[in-house]
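Report on the following structure.
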Amino acid sequence: MNNKITFSSYLAIGFMLFALFFGAGNLIFPAQLGQYAGSSIWPAIIGFLVTGVGLPLLGILAMGFSGSRNLQELSSRVHPVYGIFFTALLYLTIGPFFAAPRTGTVAYEVGIAPFISEGSQQTGLLIFTIIFFAAALLFSLFPGKLVGNVGKILAPALVVLLAVLLLFAIFNPMGAMQSPQEAYQSGAFVTGFLEGYNTMDALASLVFGIIVINAIRALGITSKSGILSATARTGVIAITLLGIIYVGIAVLGATSTETLGLFDTGGPVLSGAASHYFGTFGSIMLAIMIILACLTTAIGLITANAEYFNTLFPKISYKVLVVFFSVLTFVIANFGLANIITFSIPVLMFLYPLAIVLMLLTFVSPLFNHARMVYVATIAVTFLISIFDGLVALCDSLGIENFSWMNPVLDFYESVLPFYNQGLGWLIPAAIVIAITGVIAKVQSIGSTQEV
């Protein structure tokens, strides 16, 4: 059997992975970052690329390196119960809680909202999401090749349209970059780093990694080193495309404020830019393509959640789960894009550190013979820090300024943990715990070997 993959095969899998990643968040968050970062765009976008591009690649590589069949199997290295908890929460986060509703609201804000009066926006969102998620429900109930084929056409076509729009923005900017908003005036890199969480691509990479690995295996690559090498190459293709689009959209956002004004979300930036450069025709073309692209993403997310939870609860049929997740997604979508983003932040502040630490543990796991003690101790320490990050973000989202019961813990973390105020207080403790428990596990392993 020929175990070499042709360059065209690498490209095909790389573009497939790019299409899996490329969704609503990839469009709106770099645009919003550009608007708010203004003249501080470059340190901000570098931070954004670390989490928006670097971590998804790390997640893809972690799945290839681990040899696990799926995310639940990998996270069960901590404990089987934790494996179910972490995997279920991750699926719900990239599914009906946040990412799937976001597909409907982004499609509405970019494609429909510009043509509806200010006073009718909520009604417009309701009517649009009824139609949008009803279509998603029907396609999810009867999945077939149509959605996949449409996605293969839409993703390249949307990229071409975006490329034209971004070239106009770069060579004929709408205006000068304005002064950065408060969050980006100092620490633009860290702010951009945390904003990259919002894409949710690092979380999704732990699910998409298996799809890529299966595609590589189907081409005849079966060795662990071969799979890892092929995964790395296809991953680089996908994240390079994402990175280029992120930079372009961020520049578009940074140069749009003078002409379009400052928006709460990135959706109106894209529709406003399309209208500015190409008039009504450009706005309509962008609207149609983004609505269809978001629809295919919504179908994929609803289907993935229904399939996963059907494995957890086999007595509940796939079709019942599809209906449940479609209705839940529709309800959450009608809270509006700004609210979805606001309330996703606490979950992401809690979940992202756990995902990143799991990725890191996967790579160093052979050094301590995959000892569960190391996984449990590191995840426990990370959990105790990230849970408070999430709770503080939740209080901020709810407008609660007095959370005195947490103050003793927060004061302790601020005084002891490096980078805590930047949202990275878990990083050094996790590294220290991995080192200490890894050495202990290695010594115990050597001792038990000698006894034998």
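Just so we're on the same page: first chain in the structure tokens is A, next is B, and so on; residues restart at 1 for each chain, and ligands are numbered from 1 in the order they show up.
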All residues 9 Å or closer to Val236 in chain A, only C-alpha atoms, same chain fewer than 5 positions away omitted, as a PyMOL selection string
chain A and resi 14+57+231+241
I need the chosen residues saved as a JSON list (two decimals), in the first residue's frame, with N, CA, C and O atoms.
[["chain", "number", "residue", "atom", "x", "y", "z"],
["A", 14, "GLY", "N", -6.99, 19.89, 4.12],
["A", 14, "GLY", "CA", -6.78, 21.19, 4.74],
["A", 14, "GLY", "C", -7.95, 22.13, 4.52],
["A", 14, "GLY", "O", -8.40, 22.81, 5.44],
["A", 57, "LEU", "N", -4.72, 24.65, 16.09],
["A", 57, "LEU", "CA", -3.70, 23.75, 15.54],
["A", 57, "LEU", "C", -3.19, 22.81, 16.62],
["A", 57, "LEU", "O", -3.02, 21.60, 16.38],
["A", 231, "THR", "N", -1.46, 15.20, 9.86],
["A", 231, "THR", "CA", -2.36, 16.09, 10.60],
["A", 231, "THR", "C", -1.76, 17.48, 10.71],
["A", 231, "THR", "O", -2.45, 18.49, 10.55],
["A", 241, "LEU", "N", -5.02, 29.81, 6.29],
["A", 241, "LEU", "CA", -6.16, 30.48, 5.66],
["A", 241, "LEU", "C", -6.96, 31.28, 6.68],
["A", 241, "LEU", "O", -7.33, 32.44, 6.43]]
Members of range 138-292 of chain A assigned helix (DSSP H, G or I) by DSSP, as a PyMOL selection string:
chain A and resi 138-141+145-171+182-185+188-199+201-218+224-254+257-260+267-292
Nearest residue to Gly243 in chain A from the set A:Phe7, A:Phe21, A:Tyr375, A:Tyr420 (distances using only C-alpha atoms):
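Nearest to Gly243 in chain A: A:Phe21.
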Taking 2 positions as the minimum chain separation for residues in the same chain, which residues sit within 9 Å of Leu270 in chain A when counting only C-alpha atoms? Answer as an MDAnalysis selection string.
chainID A and resid 27:28 31 110 249 252:253 266:268 272:275 283 286
Saved selection, atoms kept: all heavy atoms, as a compact mmCIF listing (two decimals), in the first residue's frame:
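This is the output file selection.txt:
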# COMPACT_ATOMS: atom_id res chain seq x y z
N LEU A 27 -16.00 35.46 11.49
CA LEU A 27 -16.30 36.69 10.76
C LEU A 27 -16.45 37.89 11.70
O LEU A 27 -15.91 38.97 11.43
CB LEU A 27 -17.57 36.52 9.94
CG LEU A 27 -17.54 35.48 8.82
CD1 LEU A 27 -18.94 35.22 8.29
CD2 LEU A 27 -16.63 35.96 7.70
N ILE A 28 -17.18 37.70 12.79
CA ILE A 28 -17.58 38.86 13.60
C ILE A 28 -16.52 39.28 14.62
O ILE A 28 -16.37 40.48 14.88
CB ILE A 28 -18.92 38.62 14.31
CG1 ILE A 28 -18.84 37.42 15.27
CG2 ILE A 28 -20.03 38.43 13.30
CD1 ILE A 28 -20.08 37.24 16.12
N ALA A 31 -13.55 41.43 13.31
CA ALA A 31 -14.07 42.75 12.94
C ALA A 31 -14.29 43.61 14.17
O ALA A 31 -13.93 44.80 14.20
CB ALA A 31 -15.38 42.60 12.16
N VAL A 110 -25.94 40.31 9.68
CA VAL A 110 -25.22 40.66 8.46
C VAL A 110 -26.18 40.71 7.26
O VAL A 110 -26.08 41.61 6.42
CB VAL A 110 -24.08 39.65 8.19
CG1 VAL A 110 -23.39 39.95 6.85
CG2 VAL A 110 -23.05 39.69 9.32
N ILE A 249 -9.85 40.90 8.13
CA ILE A 249 -11.10 41.41 8.71
C ILE A 249 -10.79 42.38 9.86
O ILE A 249 -11.51 43.39 10.03
CB ILE A 249 -11.98 40.25 9.21
CG1 ILE A 249 -12.46 39.42 8.03
CG2 ILE A 249 -13.19 40.77 9.98
CD1 ILE A 249 -13.31 38.21 8.42
N LEU A 252 -9.96 45.63 8.31
CA LEU A 252 -11.23 46.21 7.86
C LEU A 252 -11.96 46.87 9.03
O LEU A 252 -12.44 48.01 8.92
CB LEU A 252 -12.10 45.11 7.25
CG LEU A 252 -13.56 45.46 6.95
CD1 LEU A 252 -13.63 46.49 5.83
CD2 LEU A 252 -14.36 44.22 6.58
N GLY A 253 -12.04 46.17 10.16
CA GLY A 253 -12.71 46.74 11.33
C GLY A 253 -12.03 47.98 11.84
O GLY A 253 -12.69 48.98 12.19
N GLY A 266 -19.49 42.55 15.66
CA GLY A 266 -18.80 42.70 14.38
C GLY A 266 -19.68 42.52 13.16
O GLY A 266 -19.26 42.84 12.04
N GLY A 267 -20.91 42.01 13.33
CA GLY A 267 -21.78 41.77 12.20
C GLY A 267 -22.04 42.97 11.32
O GLY A 267 -21.85 42.92 10.09
N PRO A 268 -22.48 44.11 11.90
CA PRO A 268 -22.76 45.28 11.09
C PRO A 268 -21.53 45.85 10.37
O PRO A 268 -21.68 46.58 9.39
CB PRO A 268 -23.30 46.30 12.12
CG PRO A 268 -23.80 45.46 13.25
CD PRO A 268 -22.88 44.29 13.31
N GLY A 272 -21.87 46.73 6.59
CA GLY A 272 -21.61 48.14 6.28
C GLY A 272 -20.48 48.30 5.28
O GLY A 272 -20.56 49.15 4.37
N ALA A 273 -19.43 47.47 5.41
CA ALA A 273 -18.31 47.55 4.47
C ALA A 273 -18.73 47.11 3.08
O ALA A 273 -18.34 47.73 2.07
CB ALA A 273 -17.16 46.68 4.98
N ALA A 274 -19.53 46.05 2.99
CA ALA A 274 -20.01 45.57 1.69
C ALA A 274 -20.85 46.64 1.00
O ALA A 274 -20.71 46.87 -0.21
CB ALA A 274 -20.81 44.29 1.86
N SER A 275 -21.70 47.30 1.78
CA SER A 275 -22.53 48.37 1.22
C SER A 275 -21.67 49.56 0.79
O SER A 275 -21.91 50.17 -0.26
CB SER A 275 -23.56 48.81 2.26
OG SER A 275 -24.33 49.88 1.79
N SER A 283 -24.09 44.13 -0.71
CA SER A 283 -24.71 43.76 0.57
C SER A 283 -25.59 42.51 0.41
O SER A 283 -25.56 41.61 1.25
CB SER A 283 -25.56 44.91 1.11
OG SER A 283 -24.77 46.04 1.38
N LEU A 286 -23.33 39.35 -0.17
CA LEU A 286 -22.71 38.93 1.09
C LEU A 286 -23.76 38.32 2.01
O LEU A 286 -23.49 37.30 2.67
CB LEU A 286 -22.05 40.14 1.77
CG LEU A 286 -21.31 39.84 3.08
CD1 LEU A 286 -20.08 38.99 2.82
CD2 LEU A 286 -20.92 41.14 3.79
Got a sec: who's within 8 Å of Thr378 in chain A, counting only C-alpha atoms, leaving out chain neighbours fewer than 6 positions off, as a PyMOL selection string?
chain A and resi 357+430+433-434
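Of note, CA of Leu141 in chain A and CA of Lys319 in chain A are spaced 5.9 Å apart.
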Please list as a ChimeraX atom specification every residue within 8 Å of range 303-305 of chain A, counting only C-alpha atoms and excluding residues in the same chain fewer than 6 positions away.
/A:91-92,95,140,322,325
Using only C-alpha atoms, determine which residues lie at most 12 Å from Ile436 in chain A, disregarding the query and same-chain residues fewer than 6 positions distant; provide the list as a PyMOL selection string.
chain A and resi 368+373-375+377-378+429-430+442-443
Keeping only N, CA, C and O atoms, take the residues you just selected and write them out as a tab-separated table (two decimals), in the first residue's frame.
chain	number	residue	atom	x	y	z
A	368	PHE	N	5.50	10.58	31.56
A	368	PHE	CA	5.13	10.02	32.87
A	368	PHE	C	4.23	8.79	32.71
A	368	PHE	O	3.46	8.45	33.59
A	373	MET	N	-2.61	10.06	37.91
A	373	MET	CA	-2.34	11.01	38.99
A	373	MET	C	-1.99	12.39	38.44
A	373	MET	O	-2.45	13.42	38.96
A	374	VAL	N	-1.18	12.43	37.39
A	374	VAL	CA	-0.76	13.71	36.81
A	374	VAL	C	-1.96	14.42	36.19
A	374	VAL	O	-2.15	15.63	36.37
A	375	TYR	N	-2.76	13.68	35.45
A	375	TYR	CA	-3.96	14.27	34.83
A	375	TYR	C	-4.91	14.82	35.89
A	375	TYR	O	-5.40	15.96	35.78
A	377	ALA	N	-4.37	15.67	39.13
A	377	ALA	CA	-3.84	16.80	39.90
A	377	ALA	C	-3.82	18.08	39.07
A	377	ALA	O	-4.20	19.16	39.56
A	378	THR	N	-3.39	17.99	37.81
A	378	THR	CA	-3.28	19.19	36.97
A	378	THR	C	-4.65	19.75	36.63
A	378	THR	O	-4.87	20.98	36.70
A	429	PRO	N	0.66	27.54	37.72
A	429	PRO	CA	0.33	26.42	38.61
A	429	PRO	C	0.18	25.09	37.87
A	429	PRO	O	0.65	24.05	38.36
A	430	ALA	N	-0.46	25.10	36.70
A	430	ALA	CA	-0.63	23.86	35.93
A	430	ALA	C	0.72	23.29	35.52
A	430	ALA	O	0.96	22.08	35.63
A	442	LYS	N	6.94	9.15	37.50
A	442	LYS	CA	8.07	8.48	36.85
A	442	LYS	C	8.88	7.67	37.85
A	442	LYS	O	9.26	6.52	37.57
A	443	VAL	N	9.13	8.25	39.03
A	443	VAL	CA	9.87	7.53	40.08
A	443	VAL	C	9.10	6.29	40.53
A	443	VAL	O	9.68	5.21	40.70
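A straight line drawn from CA of Tyr277 in chain A to CA of Phe128 in chain A is 26.1 Å long.
Distance annotation: of A:Val409, A:Leu219, A:Val331, A:Met174, the residue with the minimal separation from Leu260 in chain A is A:Met174; atom set is only C-alpha atoms.
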Between CA of Leu90 in chain A and CA of Leu203 in chain A, distance in Å (one decimal):
6.7 Å
Find the spatial neighbours of Ala306 in chain A, counting only C-alpha atoms, within a cut-off of 12 Å - ignore same-chain residues fewer than 5 positions away - and output them as a ChimeraX atom specification.
/A:88,91-92,95-96,137,140-141,143,299-301,311-314,316-326
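Ranking A:Leu17, A:Leu11, A:Ala37, A:Ile340 by their shortest atom-to-atom distance to Gly187 in chain A, with only C-alpha atoms included, puts A:Ala37 first.
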Using only C-alpha atoms, can you tell me which of A:Phe278, A:Ile291, A:Gly336, A:Gly248 comes closest to Gly124 in chain A?
A:Gly336
